[in-house]
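Q: Mind looking over this structure? Questions follow.
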Amino acid sequence: MIQKHEVIDLFLSACPSYKERWLHFVSETYDDSEEHLPYIDVSDFAQHVDELYQQQKLTEFPMIFEVLEMLHINGDDYVKELATIGFLESLLDCEISSSIECFLMPISLKWWISLNKFMSGENRYVGEDQ
């Protein structure tokens with residue numbers, strides 16, 4: 001099972017272009033002894049992914065979305081929720097949201113569709129009827 005402390009390292013492995021931004025983000029967001037907040041971290045990564053999309057720099061996308069799928073399949077409950085509510089929800093209002101389905105693998109796509117239904121009021125909670 002993938003645990004929350006492993007998530008950013010997995011995304012960094014899949015997306016080396018994020019490393020410099022990540023180091024800057026950490027130095028600006030946290031004190032040395034401060035515990036990281038995974039939802040905040042993943043949200044920043046999602047912004048990076050959207051910026052890559054806007055710049056049409058898509059070479060890292062297959063690995064990024066493979067990691068996302070792996071989080072949905074092999075993550076503990078916290079990580080699965082982080083993948084959907086942390087990462088995917090962060091992309092809802094981004095430019096990539098209109099094209100993201102072509103990058104998503106089956107389980108991640110299921111959660112993306114469920115999240116969109118929830119946000120539109122079709123479902124009472126994410127995961128309903130899935």
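By order of appearance in the structure tokens: chains A, B, ..., then residues from 1 within every chain, and ligands from 1 in the order shown.
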If we count only C-alpha atoms, what is near Ser108 of chain A at a cut-off of 8 Å, once residues fewer than 3 positions away on the same chain are taken out, given as JSON, numbers by chain?
A: {"A": [68, 69, 72, 84, 104, 105, 111, 112]}
Q: Between A:Glu81, A:Phe11, A:Ile64, A:Lys4, which one has atoms that come closest to His36 of chain A, using only C-alpha atoms?
A: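 The shortest atom-to-atom distance to His36 of chain A comes from A:Lys4.
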Q: Leu91 of chain A: which residues within 9 Å, counting only C-alpha atoms, same-chain residues fewer than 6 positions away excluded, as number ranges by chain?
A: A: 43, 46-47, 49-50, 97, 100
Q: Generate the output file for the selected residues, C-alpha atoms, as a short mmCIF file (atom, residue, chain, number, x, y, z; two decimals), in the first residue's frame.
A:
```cif
data_model
loop_
_atom_site.label_atom_id
_atom_site.label_comp_id
_atom_site.auth_asym_id
_atom_site.auth_seq_id
_atom_site.Cartn_x
_atom_site.Cartn_y
_atom_site.Cartn_z
CA SER A 43 -2.55 20.97 -5.10
CA ALA A 46 -1.62 19.93 -9.90
CA GLN A 47 -0.96 23.60 -10.71
CA VAL A 49 0.66 19.92 -14.33
CA ASP A 50 -1.80 22.52 -15.58
CA SER A 97 -9.92 20.08 -17.11
CA ILE A 100 -7.97 15.68 -18.99
#
```
Q: Any idea what the distance is between atom CA of Leu92 of chain A and atom CA of Asn116 of chain A?
A: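 Spanning atom CA of Leu92 of chain A to atom CA of Asn116 of chain A is a straight-line distance of 8.1 Å.
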Q: Run DSSP on the backbone and give me the residues of segment 36-96 of chain A it puts in helix (DSSP H, G or I), as a PyMOL selection string.
A: chain A and resi 38-54+61-74+77-91+95-96
